[in-house]
Amino acid sequence: AERQSAGHRWNGYPRRMTASDTIARRVDENLPTTRSELESLVRIPSVSACFPENADDMRRSAERVAELARLRGLDAEVVEVVAPGGLTGRPAVLAHRQAAPGKPTVLLYAHHDVQPEGTPDGWNQDDPYEPVERGGRLFGRGTADDKAGIMVHLGALAALGEGGGIGVTLFVEGEEEVGSPTFHHFLETHRDRLASDAIVVADSNNWKAGVPSLTTSLRGIAQVTVTLRMLDHAVHSGMYGGPVFDAATAMCRLIASCHDEAGDVAVAGLVSQSQADADFPKYPEADFRADAGVLDDVELSGTGDLTARLWTKPSLTLIGMDVTPLDLAGNVLTPSCTARLSLRIAPGQDPAEAQAALVAHLEKHVPFGGRLTVDGREAGPAFDGSETTPASEAARWALSTAWSTEAVNIGQGGSIPFIATLKETFPEAQVLVTGIEDPDTRAHSENESMHLGELEHIVVAEALLLARLGDAIAS
């Protein structure tokens, strides 16, 4: 009450409450409900990587999102897509409110699927799916990525009310964490229902807690699964070791060839920008080391500007490898080894070309004539949203107003490939990428969390943005 009273006075005299004040007040009043509904979503273990074994949980999660959308006056339904080839999509939610004559329609995107919970001993709580508040943050799988994104949209709609007649399409998918394999078919099937004048994606970061951000650059992705075979069958390591490598050691040498001595990716044919956009803030090394949890004596890899290494240069990560577990280890030469490599690609790089370049490098550097097979997997384009548009200007105003701090443009090393697909399908639509995550969020890791103070700010910002896009608020 004191904060609101102080905010509504000027030179000691009460001032008239503005439309922005009204939205902020509604968000504040609704915040307990917004949090409670977020917690109800987090309690549903909607791990898309476990589908179809957890089909009931995925369905329950989508139905809960649809229920919450209906409470905001939207016409919502759960949609399940079967793509060509029999590939079954995880259930998504489509909800809609018709625009008044002459008013724009905005597509609001988030996803209700989450990553697997990881190792139980990595969490500071017994159940990763039971939200726990500690130190002003809400911990639990999906609290930030991306069930908070769902509640940002729904919270903004609750605060906005009719919103000056702006049309709204809410699209909450259930397979973002596995690369959206049926998205193209979904888009073809529901193209008319997804058409919009602007697209707001709530699945990104802020520069830090207290500093709102608009994401204008995203790296793309290309993955491959590699199998290297050195022997026909396993043999005694003492009797045969020396003249031939075991497959796991050979795989390590092959993967090591993908980086040079400085730690830069050494795959020919990849786009690389050693300096990030001048509009991006600088990332002090000490801040990065703290945010990423880099151990004190570990040197950083790669060359060039630190933000470029994160956002506009490629990176290559070994994300999985099949080797003999320690409790089954014996003195044998392992005949074959399989690994999965994840390549993040810079804006301006074609993902198919990047994937082909990686495969060509691996084939060229196979150690000692081993037999290599490569299976191309996920490949998604990068995103360049650096162009200044009326929608981006409205977004920066809304973010700055909600936080009372100037918003900044940032890049992201992560990938949201469907954004480029949406942009290609709806070229006139202006795409805005926002989010609630911050460097302490630990998305995809144990102890994922969301800063509760930031939740109110981002809901206010999106409500202000929608009101501005619908011309309900003048600058």
# chains A, B, ... in the order shown; residues from 1 in each chain; ligands from 1

call {"tool": "residues_around", "arguments": {"residues": "A:Glu428", "least_positions_apart": "2", "cutoff": "9 Å", "atoms": "only C-alpha atoms", "output": "ChimeraX atom specification"}}
result
/A:196-198,423,425-426,430

call {"tool": "write_last_selection", "arguments": {"atoms": "N, CA, C and O atoms", "output": "mmCIF file, in the first residue's frame"}}
result
data_model
loop_
_atom_site.group_PDB
_atom_site.id
_atom_site.type_symbol
_atom_site.label_atom_id
_atom_site.label_comp_id
_atom_site.auth_asym_id
_atom_site.auth_seq_id
_atom_site.Cartn_x
_atom_site.Cartn_y
_atom_site.Cartn_z
ATOM 1 N N SER A 196 -0.926 -14.232 -37.392
ATOM 2 C CA SER A 196 -0.967 -13.124 -36.445
ATOM 3 C C SER A 196 -0.143 -11.961 -36.971
ATOM 4 O O SER A 196 0.627 -12.096 -37.927
ATOM 5 N N ASP A 197 -0.308 -10.816 -36.319
ATOM 6 C CA ASP A 197 0.445 -9.615 -36.681
ATOM 7 C C ASP A 197 1.737 -9.490 -35.889
ATOM 8 O O ASP A 197 2.687 -8.841 -36.328
ATOM 9 N N ALA A 198 1.779 -10.086 -34.714
ATOM 10 C CA ALA A 198 2.973 -10.088 -33.878
ATOM 11 C C ALA A 198 3.009 -11.395 -33.108
ATOM 12 O O ALA A 198 1.965 -12.007 -32.836
ATOM 13 N N LYS A 423 8.630 -17.299 -38.533
ATOM 14 C CA LYS A 423 8.963 -16.083 -39.270
ATOM 15 C C LYS A 423 8.901 -16.322 -40.769
ATOM 16 O O LYS A 423 8.456 -15.458 -41.540
ATOM 17 N N THR A 425 7.006 -18.577 -42.237
ATOM 18 C CA THR A 425 5.603 -18.814 -42.595
ATOM 19 C C THR A 425 4.793 -17.523 -42.551
ATOM 20 O O THR A 425 3.919 -17.295 -43.397
ATOM 21 N N PHE A 426 5.086 -16.675 -41.556
ATOM 22 C CA PHE A 426 4.372 -15.406 -41.409
ATOM 23 C C PHE A 426 5.379 -14.257 -41.492
ATOM 24 O O PHE A 426 5.722 -13.635 -40.468
ATOM 25 N N GLN A 430 5.815 -9.578 -36.604
ATOM 26 C CA GLN A 430 6.983 -9.115 -35.871
ATOM 27 C C GLN A 430 7.185 -10.013 -34.646
ATOM 28 O O GLN A 430 6.276 -10.153 -33.825
#

call {"tool": "residues_around", "arguments": {"residues": "stretch 33-49 of chain A", "least_positions_apart": "5", "cutoff": "9 Å", "atoms": "only C-alpha atoms", "output": "PyMOL selection string"}}
result
chain A and resi 27+54-55+57-62+64-65+68+90+112-117+128-131+140-143+147-148+150-152+154-155+174-178+452+455

call {"tool": "atom_distance", "arguments": {"atom1": "atom CA of A:Glu448", "atom2": "atom CA of A:Pro52"}}
result
24.4 Å

call {"tool": "atom_distance", "arguments": {"atom1": "atom CA of A:Ile419", "atom2": "atom CA of A:Pro381"}}
result
8.5 Å

call {"tool": "select_by_dssp", "arguments": {"residues": "stretch 164-403 of chain A", "states": "alpha helix (DSSP H)", "output": "mmCIF file with C-alpha atoms, in the first residue's frame"}}
result
data_model
loop_
_atom_site.group_PDB
_atom_site.id
_atom_site.type_symbol
_atom_site.label_atom_id
_atom_site.label_comp_id
_atom_site.auth_asym_id
_atom_site.auth_seq_id
_atom_site.Cartn_x
_atom_site.Cartn_y
_atom_site.Cartn_z
ATOM 1 C CA PHE A 183 5.843 -28.572 -35.453
ATOM 2 C CA HIS A 184 6.016 -28.217 -39.246
ATOM 3 C CA HIS A 185 2.995 -30.477 -39.653
ATOM 4 C CA PHE A 186 1.198 -28.672 -36.827
ATOM 5 C CA LEU A 187 1.850 -25.366 -38.542
ATOM 6 C CA GLU A 188 0.585 -26.646 -41.874
ATOM 7 C CA THR A 189 -2.528 -28.088 -40.246
ATOM 8 C CA ARG A 191 -1.825 -22.253 -40.247
ATOM 9 C CA ASP A 192 -4.979 -20.116 -40.376
ATOM 10 C CA ARG A 193 -5.447 -20.307 -36.614
ATOM 11 C CA LEU A 194 -1.827 -19.290 -35.919
ATOM 12 C CA SER A 237 42.968 -55.769 -23.060
ATOM 13 C CA GLY A 238 46.173 -57.363 -21.805
ATOM 14 C CA MET A 239 46.512 -59.847 -24.647
ATOM 15 C CA TYR A 240 45.566 -57.475 -27.483
ATOM 16 C CA ALA A 247 36.536 -47.745 -29.398
ATOM 17 C CA ALA A 248 35.964 -45.371 -26.449
ATOM 18 C CA THR A 249 39.554 -44.064 -26.590
ATOM 19 C CA ALA A 250 39.320 -43.721 -30.365
ATOM 20 C CA MET A 251 36.040 -41.814 -29.963
ATOM 21 C CA CYS A 252 37.703 -39.414 -27.519
ATOM 22 C CA ARG A 253 40.429 -38.684 -30.092
ATOM 23 C CA LEU A 254 37.819 -38.125 -32.792
ATOM 24 C CA ILE A 255 35.794 -35.707 -30.680
ATOM 25 C CA ALA A 256 38.939 -33.875 -29.581
ATOM 26 C CA GLU A 285 34.480 -12.637 -17.208
ATOM 27 C CA ALA A 286 34.050 -12.685 -13.435
ATOM 28 C CA ASP A 287 30.254 -12.518 -13.827
ATOM 29 C CA PHE A 288 30.271 -15.295 -16.414
ATOM 30 C CA ARG A 289 32.411 -17.548 -14.237
ATOM 31 C CA ALA A 290 30.068 -17.022 -11.300
ATOM 32 C CA ASP A 291 26.908 -17.504 -13.374
ATOM 33 C CA ALA A 292 28.206 -20.690 -15.014
ATOM 34 C CA LEU A 306 32.988 -13.419 -24.554
ATOM 35 C CA THR A 307 29.452 -12.618 -25.681
ATOM 36 C CA ALA A 308 30.429 -13.662 -29.212
ATOM 37 C CA ARG A 309 31.642 -17.005 -27.896
ATOM 38 C CA LEU A 310 28.226 -17.436 -26.312
ATOM 39 C CA TRP A 311 25.955 -16.002 -29.019
ATOM 40 C CA PRO A 351 21.627 -25.831 -40.199
ATOM 41 C CA ALA A 352 21.743 -28.527 -42.889
ATOM 42 C CA GLU A 353 25.045 -27.149 -44.182
ATOM 43 C CA ALA A 354 26.421 -26.998 -40.643
ATOM 44 C CA GLN A 355 25.392 -30.580 -39.989
ATOM 45 C CA ALA A 356 27.001 -31.686 -43.261
ATOM 46 C CA ALA A 357 30.201 -29.812 -42.355
ATOM 47 C CA LEU A 358 30.365 -31.588 -39.006
ATOM 48 C CA VAL A 359 29.825 -34.990 -40.624
ATOM 49 C CA ALA A 360 32.545 -34.260 -43.210
ATOM 50 C CA HIS A 361 34.975 -33.296 -40.430
ATOM 51 C CA LEU A 362 34.254 -36.470 -38.467
ATOM 52 C CA GLU A 363 34.692 -38.670 -41.538
ATOM 53 C CA LYS A 364 38.007 -36.981 -42.350
ATOM 54 C CA PRO A 390 7.164 -0.810 -34.035
ATOM 55 C CA ALA A 391 6.592 -4.004 -32.050
ATOM 56 C CA SER A 392 10.183 -4.161 -30.779
ATOM 57 C CA GLU A 393 10.030 -0.507 -29.739
ATOM 58 C CA ALA A 394 6.774 -1.206 -27.896
ATOM 59 C CA ALA A 395 8.387 -4.197 -26.184
ATOM 60 C CA ARG A 396 11.398 -2.217 -25.010
ATOM 61 C CA TRP A 397 9.092 0.512 -23.670
ATOM 62 C CA ALA A 398 6.951 -2.051 -21.827
ATOM 63 C CA LEU A 399 9.949 -3.832 -20.309
ATOM 64 C CA SER A 400 11.595 -0.574 -19.258
ATOM 65 C CA THR A 401 8.334 0.715 -17.750
ATOM 66 C CA ALA A 402 7.625 -2.478 -15.805
ATOM 67 C CA TRP A 403 11.118 -2.646 -14.287
#

call {"tool": "select_by_dssp", "arguments": {"residues": "stretch 99-320 of chain A", "states": "strand (DSSP E or B)", "output": "number ranges by chain"}}
result
A: 105-111, 114, 132-134, 137-139, 167-173, 198-202, 205, 208, 211, 213-218, 220-229, 235-236, 241, 244, 259, 265, 315-320

call {"tool": "residues_around", "arguments": {"residues": "A:Trp207", "least_positions_apart": "2", "cutoff": "8 Å", "atoms": "only C-alpha atoms", "output": "count of residues only"}}
result
9

call {"tool": "closest_residue", "arguments": {"among": "A:Val226, A:Leu432, A:Leu422, A:Ala443", "to": "A:Ala339", "atoms": "only C-alpha atoms"}}
result
A:Val226

call {"tool": "decode", "arguments": {"residues": "stretch 144-174 of chain A", "atoms": "C-alpha atoms", "output": "tab-separated table (two decimals), in the first residue's frame"}}
result
chain	number	residue	atom	x	y	z
A	144	ALA	CA	11.06	-21.17	-15.16
A	145	ASP	CA	11.44	-23.22	-18.35
A	146	ASP	CA	8.77	-22.80	-19.43
A	147	LYS	CA	5.71	-23.09	-17.25
A	148	ALA	CA	6.45	-19.62	-15.96
A	149	GLY	CA	6.18	-18.50	-19.59
A	150	ILE	CA	2.65	-19.89	-19.73
A	151	MET	CA	1.68	-17.97	-16.62
A	152	VAL	CA	3.26	-14.78	-17.93
A	153	HIS	CA	0.84	-14.93	-20.86
A	154	LEU	CA	-2.15	-15.88	-18.72
A	155	GLY	CA	-1.30	-13.35	-16.02
A	156	ALA	CA	-0.99	-10.59	-18.61
A	157	LEU	CA	-4.36	-11.50	-20.12
A	158	ALA	CA	-6.01	-11.46	-16.69
A	159	ALA	CA	-4.63	-7.98	-16.00
A	160	LEU	CA	-5.46	-6.70	-19.47
A	161	GLY	CA	-9.12	-7.69	-19.49
A	162	GLU	CA	-10.60	-6.95	-22.89
A	163	GLY	CA	-7.42	-5.08	-23.82
A	164	GLY	CA	-8.93	-2.64	-26.25
A	165	GLY	CA	-10.16	-5.42	-28.52
A	166	ILE	CA	-6.77	-6.93	-29.36
A	167	GLY	CA	-7.00	-10.46	-30.72
A	168	VAL	CA	-5.08	-13.22	-28.92
A	169	THR	CA	-3.99	-16.68	-29.99
A	170	LEU	CA	-2.31	-18.72	-27.26
A	171	PHE	CA	-0.16	-21.60	-28.51
A	172	VAL	CA	1.40	-23.80	-25.82
A	173	GLU	CA	3.25	-26.74	-27.33
A	174	GLY	CA	4.32	-29.95	-25.64
